[in-house]
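Chemist: model-v9.cif is the file, holding mmCIF, C-alpha atoms and all ligand atoms:
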```cif
data_input
loop_
_atom_site.group_PDB
_atom_site.id
_atom_site.type_symbol
_atom_site.label_atom_id
_atom_site.label_comp_id
_atom_site.auth_asym_id
_atom_site.auth_seq_id
_atom_site.Cartn_x
_atom_site.Cartn_y
_atom_site.Cartn_z
ATOM 1 C CA MET A 119 105.589 159.463 147.143
ATOM 2 C CA TYR A 120 107.902 157.509 149.415
ATOM 3 C CA LYS A 121 110.265 158.574 152.163
ATOM 4 C CA GLN A 122 113.328 157.096 153.874
ATOM 5 C CA ASN A 123 113.509 157.486 157.639
ATOM 6 C CA ILE A 124 114.912 155.920 160.773
ATOM 7 C CA TYR A 125 112.328 154.191 163.006
ATOM 8 C CA LYS A 126 112.673 153.040 166.590
ATOM 9 C CA ILE A 127 111.439 149.546 167.440
ATOM 10 C CA LEU A 128 108.856 149.848 170.229
ATOM 11 C CA SER A 129 108.105 146.113 170.460
ATOM 12 C CA ASN A 130 108.783 142.886 168.595
ATOM 13 C CA GLU A 131 106.834 139.845 169.803
ATOM 14 C CA ASN A 132 106.194 136.304 168.655
ATOM 15 C CA ILE A 133 102.417 135.981 168.048
ATOM 16 C CA ALA A 134 102.138 132.625 166.225
ATOM 17 C CA LYS A 135 104.414 129.914 164.886
ATOM 18 C CA SER A 136 107.353 131.782 163.220
ATOM 19 C CA VAL A 137 105.208 134.947 163.062
ATOM 20 C CA TYR A 138 106.192 138.214 164.735
ATOM 21 C CA LYS A 139 104.473 141.535 165.320
ATOM 22 C CA MET A 140 106.730 144.601 165.317
ATOM 23 C CA VAL A 141 105.694 148.137 166.212
ATOM 24 C CA LEU A 142 107.866 150.954 164.848
ATOM 25 C CA GLN A 143 107.842 154.562 165.968
ATOM 26 C CA GLY A 144 108.479 157.415 163.524
ATOM 27 C CA ASP A 145 107.078 159.468 160.658
ATOM 28 C CA THR A 146 103.941 157.927 159.121
ATOM 29 C CA GLN A 147 102.717 160.831 156.992
ATOM 30 C CA TYR A 148 103.667 159.132 153.688
ATOM 31 C CA ILE A 149 101.374 156.167 154.309
ATOM 32 C CA THR A 150 98.174 157.054 152.493
ATOM 33 C CA ALA A 151 96.187 153.832 151.986
ATOM 34 C CA PRO A 152 95.660 150.380 153.498
ATOM 35 C CA GLY A 153 97.625 147.734 151.603
ATOM 36 C CA GLN A 154 100.730 149.864 151.128
ATOM 37 C CA PHE A 155 104.059 148.410 152.242
ATOM 38 C CA ILE A 156 107.312 149.474 153.843
ATOM 39 C CA ASN A 157 110.786 148.375 152.742
ATOM 40 C CA ILE A 158 113.292 147.567 155.475
ATOM 41 C CA LYS A 159 117.084 147.842 155.195
ATOM 42 C CA LEU A 160 118.917 145.111 157.096
ATOM 43 C CA ASP A 161 122.644 144.912 157.845
ATOM 44 C CA GLY A 162 124.521 142.816 155.295
ATOM 45 C CA LYS A 163 121.532 142.526 152.934
ATOM 46 C CA PHE A 164 121.767 144.144 149.493
ATOM 47 C CA LEU A 165 117.994 144.260 148.938
ATOM 48 C CA ARG A 166 115.524 145.747 151.384
ATOM 49 C CA ARG A 167 112.744 143.448 152.640
ATOM 50 C CA PRO A 168 109.168 144.541 151.775
ATOM 51 C CA ILE A 169 106.515 144.056 154.484
ATOM 52 C CA SER A 170 102.865 145.219 154.360
ATOM 53 C CA VAL A 171 101.588 147.852 156.732
ATOM 54 C CA CYS A 172 99.213 146.041 159.094
ATOM 55 C CA ASP A 173 98.181 149.216 160.899
ATOM 56 C CA TYR A 174 99.407 152.756 161.482
ATOM 57 C CA ASP A 175 98.564 155.942 163.346
ATOM 58 C CA GLU A 176 100.185 159.387 163.651
ATOM 59 C CA SER A 177 103.456 158.014 165.038
ATOM 60 C CA THR A 178 103.549 154.211 164.821
ATOM 61 C CA ILE A 179 103.524 151.493 162.178
ATOM 62 C CA THR A 180 102.593 147.889 162.993
ATOM 63 C CA ILE A 181 103.909 145.091 160.796
ATOM 64 C CA ILE A 182 103.477 141.329 161.033
ATOM 65 C CA TYR A 183 106.058 139.101 159.409
ATOM 66 C CA LYS A 184 106.863 135.425 159.097
ATOM 67 C CA VAL A 185 110.418 134.155 159.428
ATOM 68 C CA VAL A 186 111.206 132.510 156.061
ATOM 69 C CA GLY A 187 114.903 133.320 155.559
ATOM 70 C CA SER A 188 117.881 135.193 156.916
ATOM 71 C CA GLY A 189 116.408 138.715 156.660
ATOM 72 C CA THR A 190 113.249 137.962 158.613
ATOM 73 C CA GLU A 191 115.332 135.796 160.992
ATOM 74 C CA ASP A 192 117.509 138.857 161.726
ATOM 75 C CA MET A 193 114.373 140.939 162.319
ATOM 76 C CA SER A 194 112.959 138.383 164.752
ATOM 77 C CA VAL A 195 115.839 138.831 167.213
ATOM 78 C CA MET A 196 115.723 142.633 167.232
ATOM 79 C CA ALA A 197 114.750 144.242 170.521
ATOM 80 C CA ALA A 198 112.791 147.313 171.579
ATOM 81 C CA GLY A 199 114.999 150.403 171.381
ATOM 82 C CA GLU A 200 116.917 149.284 168.270
ATOM 83 C CA GLU A 201 116.509 151.304 165.070
ATOM 84 C CA LEU A 202 115.641 150.409 161.479
ATOM 85 C CA ASP A 203 116.148 152.275 158.198
ATOM 86 C CA VAL A 204 112.747 152.091 156.469
ATOM 87 C CA LEU A 205 111.131 153.394 153.258
ATOM 88 C CA THR A 206 107.445 154.202 153.776
ATOM 89 C CA GLY A 207 104.654 155.271 151.425
ATOM 90 C CA LEU A 208 105.359 152.446 148.949
ATOM 91 C CA GLY A 209 102.753 150.926 146.640
ATOM 92 C CA ASN A 210 99.272 152.026 145.644
ATOM 93 C CA GLY A 211 97.306 150.259 148.380
ATOM 94 C CA TYR A 212 93.626 149.316 148.244
ATOM 95 C CA LYS A 213 91.034 151.743 146.915
ATOM 96 C CA ILE A 214 87.979 151.859 149.160
ATOM 97 C CA ALA A 215 85.114 150.711 146.937
ATOM 98 C CA ASP A 216 81.536 151.798 147.336
ATOM 99 C CA ALA A 217 80.109 148.615 148.886
ATOM 100 C CA LYS A 218 77.875 147.597 151.789
ATOM 101 C CA ALA A 219 79.135 144.136 152.702
ATOM 102 C CA PRO A 220 82.696 143.647 151.426
ATOM 103 C CA LEU A 221 84.547 140.350 151.815
ATOM 104 C CA LEU A 222 88.167 140.507 152.987
ATOM 105 C CA ILE A 223 90.284 137.393 152.473
ATOM 106 C CA GLY A 224 93.776 137.061 153.917
ATOM 107 C CA GLY A 225 95.926 133.976 153.594
ATOM 108 C CA GLY A 226 98.879 133.518 155.987
ATOM 109 C CA VAL A 227 101.069 136.616 155.854
ATOM 110 C CA GLY A 228 98.434 138.097 153.523
ATOM 111 C CA VAL A 229 96.329 138.659 156.656
ATOM 112 C CA PRO A 230 98.146 141.790 157.979
ATOM 113 C CA PRO A 231 97.127 144.307 155.272
ATOM 114 C CA MET A 232 93.488 143.316 155.810
ATOM 115 C CA TYR A 233 93.567 144.799 159.294
ATOM 116 C CA ASN A 234 93.910 148.505 158.494
ATOM 117 C CA LEU A 235 91.644 147.940 155.496
ATOM 118 C CA ALA A 236 88.910 146.473 157.746
ATOM 119 C CA LYS A 237 89.323 149.454 160.089
ATOM 120 C CA LYS A 238 88.896 151.921 157.201
ATOM 121 C CA LEU A 239 85.867 150.070 155.780
ATOM 122 C CA ILE A 240 84.135 149.963 159.166
ATOM 123 C CA ALA A 241 84.880 153.679 159.660
ATOM 124 C CA ALA A 242 83.199 154.260 156.266
ATOM 125 C CA GLY A 243 80.027 152.539 157.551
ATOM 126 C CA GLN A 244 80.556 149.227 155.729
ATOM 127 C CA HIS A 245 80.058 145.747 157.250
ATOM 128 C CA PRO A 246 82.982 143.538 156.274
ATOM 129 C CA THR A 247 83.269 139.786 156.611
ATOM 130 C CA VAL A 248 86.898 138.756 157.087
ATOM 131 C CA ILE A 249 88.169 135.267 156.219
ATOM 132 C CA LEU A 250 91.563 134.434 157.701
ATOM 133 C CA GLY A 251 93.135 131.338 156.130
ATOM 134 C CA PHE A 252 95.981 129.326 157.654
ATOM 135 C CA ASN A 253 97.460 125.847 157.310
ATOM 136 C CA THR A 254 97.155 124.848 160.940
ATOM 137 C CA LYS A 255 96.128 126.096 164.417
ATOM 138 C CA ASP A 256 99.678 127.133 165.473
ATOM 139 C CA GLU A 257 99.781 129.685 162.649
ATOM 140 C CA VAL A 258 96.526 131.485 163.487
ATOM 141 C CA PHE A 259 96.839 135.140 164.503
ATOM 142 C CA TYR A 260 94.739 138.321 164.742
ATOM 143 C CA GLU A 261 91.307 136.643 164.996
ATOM 144 C CA ASP A 262 90.474 138.591 168.182
ATOM 145 C CA GLU A 263 91.884 141.841 166.805
ATOM 146 C CA PHE A 264 89.581 141.681 163.764
ATOM 147 C CA LYS A 265 86.620 140.781 166.006
ATOM 148 C CA ALA A 266 87.408 143.774 168.236
ATOM 149 C CA LEU A 267 87.053 146.038 165.170
ATOM 150 C CA GLY A 268 83.499 144.739 164.744
ATOM 151 C CA ALA A 269 84.076 142.600 161.639
ATOM 152 C CA ASP A 270 82.444 139.204 161.060
ATOM 153 C CA VAL A 271 85.419 136.856 161.294
ATOM 154 C CA LYS A 272 85.833 133.319 159.964
ATOM 155 C CA VAL A 273 89.046 131.342 160.382
ATOM 156 C CA THR A 274 89.921 128.392 158.167
ATOM 157 C CA THR A 275 92.720 125.872 158.607
ATOM 158 C CA ALA A 276 93.673 123.452 155.871
ATOM 159 C CA ASP A 277 94.094 120.588 158.348
ATOM 160 C CA GLY A 278 90.923 121.390 160.327
ATOM 161 C CA SER A 279 92.837 121.904 163.608
ATOM 162 C CA TYR A 280 91.027 125.231 164.183
ATOM 163 C CA GLY A 281 87.965 126.982 162.763
ATOM 164 C CA ILE A 282 86.448 125.802 159.498
ATOM 165 C CA LYS A 283 88.320 122.896 157.896
ATOM 166 C CA GLY A 284 89.485 123.660 154.389
ATOM 167 C CA PHE A 285 90.466 126.669 152.332
ATOM 168 C CA VAL A 286 89.285 130.276 152.434
ATOM 169 C CA THR A 287 86.808 129.508 149.662
ATOM 170 C CA ASP A 288 85.063 127.000 151.970
ATOM 171 C CA ALA A 289 84.116 129.911 154.245
ATOM 172 C CA PHE A 290 82.657 132.272 151.635
ATOM 173 C CA PRO A 291 79.428 133.905 152.880
ATOM 174 C CA ASP A 292 76.304 133.861 150.719
ATOM 175 C CA ASN A 293 76.128 137.609 150.459
ATOM 176 C CA TYR A 294 78.938 140.043 149.703
ATOM 177 C CA ASP A 295 79.119 142.834 147.171
ATOM 178 C CA TYR A 296 82.879 143.345 146.715
ATOM 179 C CA PHE A 297 86.135 141.627 147.761
ATOM 180 C CA TYR A 298 89.710 142.436 148.717
ATOM 181 C CA THR A 299 92.418 139.837 149.112
ATOM 182 C CA CYS A 300 96.098 139.267 149.852
ATOM 183 C CA GLY A 301 97.873 135.927 150.050
ATOM 184 C CA PRO A 302 99.615 133.212 148.060
ATOM 185 C CA MET A 303 98.977 132.535 144.363
ATOM 186 C CA PRO A 304 97.167 129.162 144.786
ATOM 187 C CA MET A 305 94.692 130.946 147.083
ATOM 188 C CA PHE A 306 94.204 133.695 144.481
ATOM 189 C CA LYS A 307 93.422 131.102 141.787
ATOM 190 C CA ALA A 308 90.836 129.425 144.034
ATOM 191 C CA ILE A 309 89.289 132.817 144.830
ATOM 192 C CA GLU A 310 89.237 133.821 141.163
ATOM 193 C CA ASN A 311 87.289 130.622 140.392
ATOM 194 C CA THR A 312 84.786 131.312 143.174
ATOM 195 C CA VAL A 313 84.111 135.042 143.442
ATOM 196 C CA LYS A 314 81.101 136.613 141.798
ATOM 197 C CA THR A 315 81.913 140.307 142.231
ATOM 198 C CA SER A 316 84.572 142.880 141.399
ATOM 199 C CA GLY A 317 87.497 143.143 143.767
ATOM 200 C CA GLN A 318 91.165 143.832 144.344
ATOM 201 C CA TYR A 319 94.127 141.455 144.689
ATOM 202 C CA SER A 320 97.404 142.420 146.404
ATOM 203 C CA PHE A 321 100.480 140.611 145.059
ATOM 204 C CA GLU A 322 103.363 139.983 147.454
ATOM 205 C CA GLU A 323 105.855 139.182 144.666
ATOM 206 C CA ARG A 324 109.610 139.173 145.053
ATOM 207 C CA MET A 325 111.026 142.646 144.439
ATOM 208 C CA GLY A 326 114.216 144.503 143.645
ATOM 209 C CA CYS A 327 114.263 148.215 144.379
ATOM 210 C CA GLY A 328 110.652 148.430 145.632
ATOM 211 C CA PHE A 329 110.048 151.964 144.368
ATOM 212 C CA GLY A 330 109.640 151.679 140.613
ATOM 213 C CA ALA A 331 113.202 152.105 139.317
ATOM 214 C CA CYS A 332 114.528 148.655 138.342
ATOM 215 C CA MET A 333 111.535 147.125 136.454
ATOM 216 C CA GLY A 334 112.334 143.857 138.281
ATOM 217 C CA CYS A 335 108.705 143.367 139.262
ATOM 218 C CA SER A 336 107.069 144.225 135.925
ATOM 219 C CA CYS A 337 104.019 142.160 134.958
ATOM 220 C CA LYS A 338 101.572 142.178 132.037
ATOM 221 C CA THR A 339 98.023 143.395 132.671
ATOM 222 C CA LYS A 340 95.090 143.984 130.337
ATOM 223 C CA TYR A 341 96.028 147.676 130.460
ATOM 224 C CA GLY A 342 99.748 147.219 129.664
ATOM 225 C CA ASN A 343 102.811 146.466 131.773
ATOM 226 C CA LYS A 344 102.706 147.429 135.428
ATOM 227 C CA ARG A 345 105.312 147.437 138.170
ATOM 228 C CA ILE A 346 103.964 145.496 141.147
ATOM 229 C CA CYS A 347 105.930 147.693 143.588
ATOM 230 C CA LYS A 348 104.722 151.080 142.315
ATOM 231 C CA ASP A 349 101.583 150.558 140.170
ATOM 232 C CA GLY A 350 100.636 147.718 142.598
ATOM 233 C CA PRO A 351 100.871 145.683 144.745
ATOM 234 C CA VAL A 352 97.088 145.993 144.465
ATOM 235 C CA LEU A 353 95.530 145.238 141.066
ATOM 236 C CA GLU A 354 91.854 145.264 140.211
ATOM 237 C CA ARG A 355 90.301 141.935 139.274
ATOM 238 C CA GLU A 356 89.304 143.201 135.829
ATOM 239 C CA GLU A 357 92.877 144.081 134.770
ATOM 240 C CA ILE A 358 94.658 140.869 135.817
ATOM 241 C CA ILE A 359 95.844 138.322 133.244
ATOM 242 C CA TRP A 360 96.006 134.971 135.123
HETATM 243 C C1 LIG A 401 104.529 144.071 148.788
HETATM 244 C C2 LIG A 401 104.954 142.944 149.688
HETATM 245 C C3 LIG A 401 104.405 142.857 150.954
HETATM 246 C C4 LIG A 401 104.806 141.832 151.828
HETATM 247 N N1 LIG A 401 104.231 141.783 153.055
HETATM 248 C C5 LIG A 401 104.621 140.829 153.921
HETATM 249 C C6 LIG A 401 104.073 140.804 155.235
HETATM 250 O O1 LIG A 401 103.244 141.650 155.630
HETATM 251 N N2 LIG A 401 104.514 139.831 156.079
HETATM 252 C C7 LIG A 401 105.444 138.884 155.673
HETATM 253 O O2 LIG A 401 105.806 138.008 156.460
HETATM 254 N N3 LIG A 401 105.962 138.882 154.431
HETATM 255 C C8 LIG A 401 105.585 139.844 153.554
HETATM 256 N N4 LIG A 401 106.142 139.861 152.295
HETATM 257 C C9 LIG A 401 107.159 138.836 151.937
HETATM 258 C C10 LIG A 401 108.512 139.247 152.526
HETATM 259 O O3 LIG A 401 108.976 140.388 151.836
HETATM 260 C C11 LIG A 401 109.522 138.118 152.384
HETATM 261 O O4 LIG A 401 109.093 136.999 153.106
HETATM 262 C C12 LIG A 401 110.890 138.560 152.918
HETATM 263 O O5 LIG A 401 111.437 139.556 152.074
HETATM 264 C C13 LIG A 401 111.815 137.377 152.988
HETATM 265 O O6 LIG A 401 113.101 137.839 153.400
HETATM 266 P P1 LIG A 401 114.140 136.841 154.018
HETATM 267 O O7 LIG A 401 115.490 137.475 153.923
HETATM 268 O O8 LIG A 401 113.719 136.374 155.365
HETATM 269 O O9 LIG A 401 114.063 135.584 153.089
HETATM 270 P P2 LIG A 401 114.930 135.273 151.805
HETATM 271 O O10 LIG A 401 116.221 134.664 152.287
HETATM 272 O O11 LIG A 401 114.975 136.425 150.893
HETATM 273 O O12 LIG A 401 114.019 134.155 151.192
HETATM 274 C C14 LIG A 401 113.689 132.950 151.913
HETATM 275 C C15 LIG A 401 112.630 132.171 151.165
HETATM 276 O O13 LIG A 401 111.413 132.920 151.073
HETATM 277 C C16 LIG A 401 111.067 133.122 149.718
HETATM 278 N N5 LIG A 401 110.584 134.495 149.537
HETATM 279 C C17 LIG A 401 111.268 135.632 149.748
HETATM 280 N N6 LIG A 401 110.504 136.707 149.447
HETATM 281 C C18 LIG A 401 109.316 136.232 149.045
HETATM 282 C C19 LIG A 401 108.113 136.830 148.585
HETATM 283 N N7 LIG A 401 107.977 138.142 148.462
HETATM 284 N N8 LIG A 401 107.091 136.024 148.249
HETATM 285 C C20 LIG A 401 107.220 134.687 148.342
HETATM 286 N N9 LIG A 401 108.331 134.062 148.762
HETATM 287 C C21 LIG A 401 109.370 134.813 149.093
HETATM 288 C C22 LIG A 401 112.349 132.897 148.935
HETATM 289 O O14 LIG A 401 112.107 132.451 147.608
HETATM 290 C C23 LIG A 401 113.037 131.835 149.742
HETATM 291 O O15 LIG A 401 112.559 130.555 149.452
HETATM 292 C C24 LIG A 401 105.775 140.868 151.407
HETATM 293 C C25 LIG A 401 106.327 140.959 150.133
HETATM 294 C C26 LIG A 401 105.922 141.995 149.294
HETATM 295 C C27 LIG A 401 106.551 142.102 147.946
HETATM 296 S S1 LIG A 402 111.024 146.281 142.338
HETATM 297 FE FE1 LIG A 402 112.140 147.729 141.155
HETATM 298 S S2 LIG A 402 110.569 148.473 139.802
HETATM 299 FE FE2 LIG A 402 109.495 147.167 141.161
#
```
Starting from the coordinates I provided, produce the structure as structure tokens.
Modeler:
Amino acid sequence: MYKQNIYKILSNENIAKSVYKMVLQGDTQYITAPGQFINIKLDGKFLRRPISVCDYDESTITIIYKVVGSGTEDMSVMAAGEELDVLTGLGNGYKIADAKAPLLIGGGVGVPPMYNLAKKLIAAGQHPTVILGFNTKDEVFYEDEFKALGADVKVTTADGSYGIKGFVTDAFPDNYDYFYTCGPMPMFKAIENTVKTSGQYSFEERMGCGFGACMGCSCKTKYGNKRICKDGPVLEREEIIW
């Protein structure tokens, strides 16, 4: 179930190259799982812009977004006190699996949804390892925030300018019993060729309506067609046709 509401911007700060963290104040009761997303209406834009929930509590939602076009550019210059029209409670989100040592892998702007997920897993008594993958040092964000939760954190950069040189798969630990991931498709393919366990992938595909009405995000799975916005964005490894 999703809900449209007006949210007040509490803060909007630049935290890495072209990456911003925005905290919104308002109703959060429709957010029910880590990995869900919100859909933001912007002046002059026909389609809303979907952004993952990084974290939330009783009255605030934290999102982290990268400026890639005019919508996110408009967001980046918004100031505290301004308001946004937002749909919340969108998407299925991650299901918390019964595991001891889950592996969380975020690539670029796939990192944010891992944060609330890591929080929930740690609260459930699990011991996650989090791999944060970026292209270069300037793009790295949230390493300290994940460490502060108590997760084991590894950062990779493709050019070796920070952390482990290479891709997220170069930082895989020897032992993990489940995985969760969000990031770009080439990273997913590398993960799919490397992982040994069950897990869940979150797809940040382009979308139309964002709440299941237009079929614009339909994809084939082993269990029939699914809408990424409503039946996803999280799909289980076993159902995905690559
Ligand atoms: C479920 C979901 C969760 C998302 N979570 C986040 C998040 O937490 N943080 C974040 O920064 N971004 C996230 N995205 C991507 C984000 O929605 C887009 O980057 C944003 O809508 C771009 O808007 P724009 O107007 O700035 O760019 P546009 O002008 O619409 O596009 C600029 C460029 O970016 C490309 N682009 C636009 N949308 C996407 C997309 N979804 N995937 C890949 N390329 C795209 C376009 O093809 C174009 O080249 C998410 C997308 C989905 C579907
Ligand atoms: S975007 Fe409209 S059904 Fe998914």
Chemist: Can you list, as an NGL selection string, the residues that the PyMOL selection byres (((chain A and resi 330-338) around 10) and not hetatm) selects here?
Modeler: :A and (208-209 or 323-329 or 339-351 or 357-360)
Chemist: Taking all atoms listed in the file into account, name the residue in A:Gly224, A:Glu257, A:Leu202, A:Gly281 that is nearest to A:Phe306.
Modeler: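 For A:Phe306, the nearest of the given residues is A:Gly224.
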Chemist: Just checking: using all atoms listed in the file, which residue out of A:Ala266, A:Leu165, A:Val137, A:Leu205 ends up closest to ligand LIG 402 (chain A)?
Modeler: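 With all atoms listed in the file as the atom set, the closest residue is A:Leu165.
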Chemist: Find, counting all atoms listed in the file, the residue in A:Ile214, A:Val141, A:Leu160, A:Cys172 that gets nearest to A:Tyr260.
Modeler: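 Ranked by minimum distance to A:Tyr260, first place goes to A:Cys172.
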Chemist: Please write out, as JSON, where the centre of an axis-aligned box around all listed atoms of ligand LIG 402 (chain A) lies and how long its edges are, in Å to one decimal, after adding 8 Å on each side.
Modeler:
```
{"center_x": 110.8, "center_y": 147.4, "center_z": 141.1, "size_x": 18.6, "size_y": 18.2, "size_z": 18.5}
```
Chemist: Could you list, with a cut-off of 6 Å and counting all atoms listed in the file, the residues of chain A near ligand LIG 401 (chain A), each shown with its nearest atom pair and the distance in Å rounded to one decimal, rows sorted by chain and ascending number, as CSV?
Modeler:
```
residue,atom,partner,partner_atom,distance
A:Phe155,CA,A:LIG401,C1,5.6
A:Arg167,CA,A:LIG401,O5,4.1
A:Pro168,CA,A:LIG401,O3,4.2
A:Ile169,CA,A:LIG401,N1,3.5
A:Ser170,CA,A:LIG401,O1,3.8
A:Ile182,CA,A:LIG401,N2,5.3
A:Tyr183,CA,A:LIG401,O2,3.2
A:Lys184,CA,A:LIG401,O2,3.8
A:Val185,CA,A:LIG401,O8,5.7
A:Val186,CA,A:LIG401,O8,4.7
A:Gly187,CA,A:LIG401,O8,3.3
A:Ser188,CA,A:LIG401,O7,4.5
A:Gly189,CA,A:LIG401,O7,3.1
A:Thr190,CA,A:LIG401,O8,3.6
A:Glu191,CA,A:LIG401,O8,5.9
A:Val227,CA,A:LIG401,N2,4.7
A:Pro230,CA,A:LIG401,O1,5.6
A:Glu322,CA,A:LIG401,C26,3.7
A:Glu323,CA,A:LIG401,C27,4.4
A:Arg324,CA,A:LIG401,N7,3.9
A:Met325,CA,A:LIG401,C27,5.7
A:Pro351,CA,A:LIG401,C1,5.7
```
